[in-house]
2 protein chains.
Amino acid sequence: MPEAKRPDLAAMMAPLARALTAAELPVLERHDLTMWGYAVLLGLGDQPVYTQAALAKAIRADKTRIIGVLDDLQQRGLIRRDPDPADRRARLVSLTPAGRTTRDRAQREIREQEEILLAQLPAADRRTFLRCLQTLWASNTDRPD
Amino acid sequence: MPEAKRPDLAAMMAPLARALTAAELPVLERHDLTMWGYAVLLGLGDQPVYTQAALAKAIRADKTRIIGVLDDLQQRGLIRRDPDPADRRARLVSLTPAGRTTRDRAQREIREQEEILLAQLPAADRRTFLRCLQTLWASNTDRPD
DNA sequence: TATTGTTATACTCTATAACTATA
DNA sequence: TATAGTTATAGAGTATAACAATA
C-alpha cells in the first residue's frame, strides 16, 4: 500500500503544536503559570538540583530568558535558589513541595485537555501514534544542536 | 496495556515542528524561497485563483503579512496578480508555470528531507503515525478559530 | 458603510552584548 | 582567563491602526 497523499510533515506538525499550546494556556493561567514557568517546573523534575545554566539548556531556553521566570517562581515559593557552597557563583535550583504540587496539578489538567484531541483516534492507533511521536521526539532532542 | 509514561503532547510536538522547520530552511534557500513564500506557493494549489485576503486566511497568515512575499514572488515570475474585472479592488492570485515547477521541486526535496526522520519508524507504524497525524491536523484546521 | 490592498506603527518575543562576582 | 548570574539593548517577527480606492 503506497503512502497516502498528505501535507508536508512540518505543515501538519506546526499548526498542531500551536493549537496544543494555545489549548494549554487557559489551564496554565488557572495555576498562574506561564508556558516558561511550567517548562521550568517540568525541567526541575525529580532530580533535586541544577545550575540555572544547566536548567536553561535542559528546557532549550536562553539562560537570560528564564531569569525573570525564576524570580517569579521563587517569590511565590514554588522553587528555591540556594547558593552552592562549593561554587559561590552558582545557584542550586530545586522544586519546593508547593512547586511539585502545582506542577502535578497543572500537568494533570493538561493531560485531560489532550484527551479532547486524542479521543479522535482509535485506541490501537493512538498507542502507536504516541509511541512513534515519542520515538521521533527523543531522537531529535538527543541532537547536539 | 496502559499508556506509557511520556512528555506532554505539546512538549513533543513543538520541538519536533521546530526541528522539521529548521531542516526545511536550507532546502527552501536553495530555491530562493522563504517559509512564507513556500506557504504561498502551496496555498495557491491547483485552484487557479484567490483574493489576497482569502489566500492569507487559507495559509493562516495575516493579510498584511504576505504582501511583501507576494511582491517578491510576482517580481520573480512565480505568481501573477491580475486585477479582477468584476471587482477592481481585488487581485486574483495564481501560480505561473515557473511557480508550479519551483513549488514541486522544493516539495520533492522537502519530502526527501522528511525521510531522514521517518526512516526511524517501522513501515507499519509509520503508516499509522502519518494517518493519525493527518487526522488530528485535519480536525484542527477545520476549526473556526 | 463595508471591503481590498497597502503602508506605517507598535508590540512581543528572543537573542546579543556588557557588567559583577566569583573561580 | 573563564564562567554563573544578571541587566540593558537591539533585533526579528507579528499584529494593530490608519489610509486610499472601490463597492
# chains A, B, ... in the order shown; residues from 1 in each chain; ligands from 1

$ interface_residues --of "chain C" --to "chain A" --cutoff "10 Å" --atoms "only C-alpha atoms (C1' of nucleotides)" --output "PyMOL selection string"
chain C and resi 13-15+21-23

$ write_last_selection --atoms "C-alpha atoms (C1' of nucleotides)" --output "PDB file, in the first residue's frame"
ATOM      1  C1'  DC C  13       9.493  37.591  21.946  1.00  0.00           C
ATOM      2  C1'  DT C  14      14.155  36.373  21.643  1.00  0.00           C
ATOM      3  C1'  DA C  15      18.984  36.791  21.243  1.00  0.00           C
ATOM      4  C1'  DA C  21      31.247  38.415  41.294  1.00  0.00           C
ATOM      5  C1'  DT C  22      33.465  34.595  41.730  1.00  0.00           C
ATOM      6  C1'  DA C  23      36.842  30.860  40.195  1.00  0.00           C
TER       7       DA C  23
END

$ interface_residues --of "chain B" --to "chain A" --cutoff "8 Å" --atoms "only C-alpha atoms" --output "PyMOL selection string"
chain B and resi 3+6-10+12-21+107+110-111+114+117-118+120-121+125-129+132-134+136-137+140-141

$ select_by_dssp --residues "stretch 8-116 of chain A" --states "strand (DSSP E)" --output "ChimeraX atom specification"
/A:79-84,87-95

$ write_last_selection --atoms "C-alpha atoms" --output "PDB file, in the first residue's frame"
ATOM      1  CA  ILE A  79      11.164  26.879  43.694  1.00  0.00           C
ATOM      2  CA  ARG A  80      14.276  27.567  45.748  1.00  0.00           C
ATOM      3  CA  ARG A  81      17.567  29.076  44.625  1.00  0.00           C
ATOM      4  CA  ASP A  82      20.231  28.121  47.128  1.00  0.00           C
ATOM      5  CA  PRO A  83      23.823  29.308  46.817  1.00  0.00           C
ATOM      6  CA  ASP A  84      26.133  26.407  46.024  1.00  0.00           C
ATOM      7  CA  ASP A  87      30.959  27.418  43.986  1.00  0.00           C
ATOM      8  CA  ARG A  88      29.559  30.689  45.204  1.00  0.00           C
ATOM      9  CA  ARG A  89      28.823  31.807  41.634  1.00  0.00           C
ATOM     10  CA  ALA A  90      26.226  29.103  41.118  1.00  0.00           C
ATOM     11  CA  ARG A  91      22.648  28.773  42.363  1.00  0.00           C
ATOM     12  CA  LEU A  92      21.166  25.345  43.005  1.00  0.00           C
ATOM     13  CA  VAL A  93      17.590  25.378  41.801  1.00  0.00           C
ATOM     14  CA  SER A  94      15.050  22.968  43.239  1.00  0.00           C
ATOM     15  CA  LEU A  95      11.302  22.425  43.471  1.00  0.00           C
TER      16      LEU A  95
END

$ closest_atom_pairs --of "chain D" --to "chain A" --cutoff "9 Å" --atoms "only C-alpha atoms (C1' of nucleotides)" --output "JSON lines"
{"residue": "D:DT3", "atom": "C1'", "partner": "A:Arg89", "partner_atom": "CA", "distance": 8.4}
{"residue": "D:DA4", "atom": "C1'", "partner": "A:Arg89", "partner_atom": "CA", "distance": 5.2}
{"residue": "D:DG5", "atom": "C1'", "partner": "A:Arg89", "partner_atom": "CA", "distance": 7.3}
{"residue": "D:DT6", "atom": "C1'", "partner": "A:Thr64", "partner_atom": "CA", "distance": 7.9}

$ write_last_selection --atoms "N, CA and C atoms (P, O5', C5', C4', C3', O3' and C1' of nucleotides)" --output "PDB file, in the first residue's frame"
ATOM      1  P    DT D   3      34.626  28.899  29.852  1.00  0.00           P
ATOM      2  O5'  DT D   3      33.588  29.065  31.058  1.00  0.00           O
ATOM      3  C5'  DT D   3      33.811  28.353  32.251  1.00  0.00           C
ATOM      4  C4'  DT D   3      32.939  28.927  33.352  1.00  0.00           C
ATOM      5  C3'  DT D   3      31.456  29.080  32.956  1.00  0.00           C
ATOM      6  O3'  DT D   3      30.666  28.393  33.910  1.00  0.00           O
ATOM      7  C1'  DT D   3      32.267  31.049  33.971  1.00  0.00           C
ATOM      8  P    DA D   4      29.068  28.304  33.693  1.00  0.00           P
ATOM      9  O5'  DA D   4      28.534  29.241  34.868  1.00  0.00           O
ATOM     10  C5'  DA D   4      28.630  28.791  36.209  1.00  0.00           C
ATOM     11  C4'  DA D   4      27.767  29.638  37.118  1.00  0.00           C
ATOM     12  C3'  DA D   4      26.336  29.812  36.622  1.00  0.00           C
ATOM     13  O3'  DA D   4      25.426  29.726  37.710  1.00  0.00           O
ATOM     14  C1'  DA D   4      27.451  31.927  36.664  1.00  0.00           C
ATOM     15  P    DG D   5      23.875  29.803  37.399  1.00  0.00           P
ATOM     16  O5'  DG D   5      23.606  31.362  37.522  1.00  0.00           O
ATOM     17  C5'  DG D   5      23.627  31.963  38.808  1.00  0.00           C
ATOM     18  C4'  DG D   5      23.576  33.459  38.651  1.00  0.00           C
ATOM     19  C3'  DG D   5      22.244  33.986  38.097  1.00  0.00           C
ATOM     20  O3'  DG D   5      21.590  34.744  39.111  1.00  0.00           O
ATOM     21  C1'  DG D   5      24.133  35.038  37.072  1.00  0.00           C
ATOM     22  P    DT D   6      20.119  35.315  38.787  1.00  0.00           P
ATOM     23  O5'  DT D   6      20.441  36.714  38.102  1.00  0.00           O
ATOM     24  C5'  DT D   6      21.204  37.692  38.818  1.00  0.00           C
ATOM     25  C4'  DT D   6      21.539  38.868  37.928  1.00  0.00           C
ATOM     26  C3'  DT D   6      20.342  39.523  37.246  1.00  0.00           C
ATOM     27  O3'  DT D   6      19.985  40.674  38.002  1.00  0.00           O
ATOM     28  C1'  DT D   6      22.293  39.421  35.846  1.00  0.00           C
TER      29       DT D   6
END

$ select_by_dssp --residues "stretch 26-93 of chain A" --states "helix (DSSP H, G or I)" --output "PyMOL selection string"
chain A and resi 26-30+35-44+52-58+67-75

$ write_last_selection --atoms "N, CA, C and O atoms" --output "short mmCIF file (atom, residue, chain, number, x, y, z; two decimals), in the first residue's frame"
data_model
loop_
_atom_site.label_atom_id
_atom_site.label_comp_id
_atom_site.auth_asym_id
_atom_site.auth_seq_id
_atom_site.Cartn_x
_atom_site.Cartn_y
_atom_site.Cartn_z
N PRO A 26 -5.07 28.46 28.83
CA PRO A 26 -6.07 28.70 29.88
C PRO A 26 -5.83 27.83 31.11
O PRO A 26 -6.03 28.28 32.25
N VAL A 27 -5.39 26.59 30.89
CA VAL A 27 -5.09 25.71 32.02
C VAL A 27 -3.97 26.30 32.86
O VAL A 27 -4.08 26.39 34.10
N LEU A 28 -2.91 26.72 32.21
CA LEU A 28 -1.77 27.28 32.93
C LEU A 28 -2.16 28.56 33.66
O LEU A 28 -1.74 28.80 34.80
N GLU A 29 -2.99 29.36 33.01
CA GLU A 29 -3.43 30.61 33.64
C GLU A 29 -4.16 30.34 34.95
O GLU A 29 -4.01 31.10 35.91
N ARG A 30 -4.94 29.28 34.98
CA ARG A 30 -5.64 28.94 36.22
C ARG A 30 -4.67 28.65 37.34
O ARG A 30 -5.02 28.79 38.52
N MET A 35 3.93 29.65 30.11
CA MET A 35 4.49 28.49 29.45
C MET A 35 5.91 28.22 29.95
O MET A 35 6.27 27.08 30.21
N TRP A 36 6.70 29.27 30.08
CA TRP A 36 8.07 29.09 30.55
C TRP A 36 8.12 28.68 32.02
O TRP A 36 8.97 27.88 32.43
N GLY A 37 7.21 29.21 32.81
CA GLY A 37 7.15 28.81 34.21
C GLY A 37 6.86 27.32 34.33
O GLY A 37 7.52 26.60 35.10
N TYR A 38 5.91 26.85 33.54
CA TYR A 38 5.57 25.43 33.53
C TYR A 38 6.76 24.60 33.04
O TYR A 38 7.08 23.56 33.62
N ALA A 39 7.42 25.11 32.01
CA ALA A 39 8.60 24.39 31.47
C ALA A 39 9.67 24.26 32.54
O ALA A 39 10.33 23.22 32.65
N VAL A 40 9.85 25.31 33.33
CA VAL A 40 10.86 25.27 34.40
C VAL A 40 10.46 24.23 35.44
O VAL A 40 11.29 23.39 35.85
N LEU A 41 9.22 24.24 35.87
CA LEU A 41 8.77 23.26 36.87
C LEU A 41 8.98 21.84 36.34
O LEU A 41 9.44 20.96 37.07
N LEU A 42 8.65 21.62 35.06
CA LEU A 42 8.87 20.29 34.48
C LEU A 42 10.35 19.98 34.39
O LEU A 42 10.78 18.86 34.65
N GLY A 43 11.14 21.00 34.03
CA GLY A 43 12.58 20.79 33.84
C GLY A 43 13.29 20.41 35.13
O GLY A 43 14.30 19.71 35.10
N LEU A 44 12.75 20.85 36.25
CA LEU A 44 13.38 20.52 37.53
C LEU A 44 13.10 19.07 37.91
O LEU A 44 13.83 18.47 38.68
N GLN A 52 21.43 27.23 37.03
CA GLN A 52 20.46 27.89 36.14
C GLN A 52 20.81 27.65 34.68
O GLN A 52 19.93 27.48 33.84
N ALA A 53 22.11 27.66 34.38
CA ALA A 53 22.54 27.45 33.00
C ALA A 53 22.15 26.06 32.52
O ALA A 53 21.66 25.88 31.40
N ALA A 54 22.35 25.06 33.38
CA ALA A 54 22.01 23.69 33.00
C ALA A 54 20.50 23.55 32.83
O ALA A 54 20.02 22.87 31.92
N LEU A 55 19.77 24.20 33.73
CA LEU A 55 18.31 24.16 33.62
C LEU A 55 17.85 24.79 32.32
O LEU A 55 17.01 24.23 31.59
N ALA A 56 18.42 25.94 32.00
CA ALA A 56 18.04 26.62 30.76
C ALA A 56 18.32 25.72 29.57
O ALA A 56 17.48 25.58 28.67
N LYS A 57 19.47 25.08 29.57
CA LYS A 57 19.83 24.21 28.45
C LYS A 57 18.87 23.04 28.35
O LYS A 57 18.46 22.65 27.26
N ALA A 58 18.49 22.50 29.51
CA ALA A 58 17.62 21.33 29.53
C ALA A 58 16.25 21.63 28.92
O ALA A 58 15.65 20.78 28.28
N ILE A 67 15.47 34.01 33.70
CA ILE A 67 15.76 34.69 34.97
C ILE A 67 14.51 35.30 35.59
O ILE A 67 14.21 35.06 36.77
N GLY A 68 13.77 36.04 34.80
CA GLY A 68 12.53 36.63 35.32
C GLY A 68 11.56 35.56 35.75
O GLY A 68 10.83 35.72 36.75
N VAL A 69 11.55 34.45 35.02
CA VAL A 69 10.67 33.33 35.36
C VAL A 69 11.05 32.76 36.72
O VAL A 69 10.19 32.52 37.58
N LEU A 70 12.34 32.55 36.92
CA LEU A 70 12.82 32.02 38.21
C LEU A 70 12.52 33.00 39.35
O LEU A 70 12.11 32.58 40.43
N ASP A 71 12.72 34.28 39.08
CA ASP A 71 12.39 35.30 40.09
C ASP A 71 10.96 35.13 40.57
O ASP A 71 10.67 35.09 41.76
N ASP A 72 10.07 35.03 39.60
CA ASP A 72 8.64 34.94 39.92
C ASP A 72 8.31 33.65 40.68
O ASP A 72 7.62 33.69 41.71
N LEU A 73 8.82 32.52 40.19
CA LEU A 73 8.52 31.24 40.83
C LEU A 73 9.08 31.18 42.25
O LEU A 73 8.44 30.65 43.16
N GLN A 74 10.27 31.76 42.42
CA GLN A 74 10.88 31.76 43.74
C GLN A 74 10.07 32.62 44.71
O GLN A 74 9.78 32.20 45.83
N GLN A 75 9.69 33.78 44.23
CA GLN A 75 8.94 34.70 45.09
C GLN A 75 7.62 34.08 45.54
O GLN A 75 7.14 34.34 46.64
#

$ residues_around --residues "C:DA10" --least-positions-apart "4" --cutoff "12 Å" --atoms "only C-alpha atoms (C1' of nucleotides)" --output "PyMOL selection string"
chain D and resi 14-17
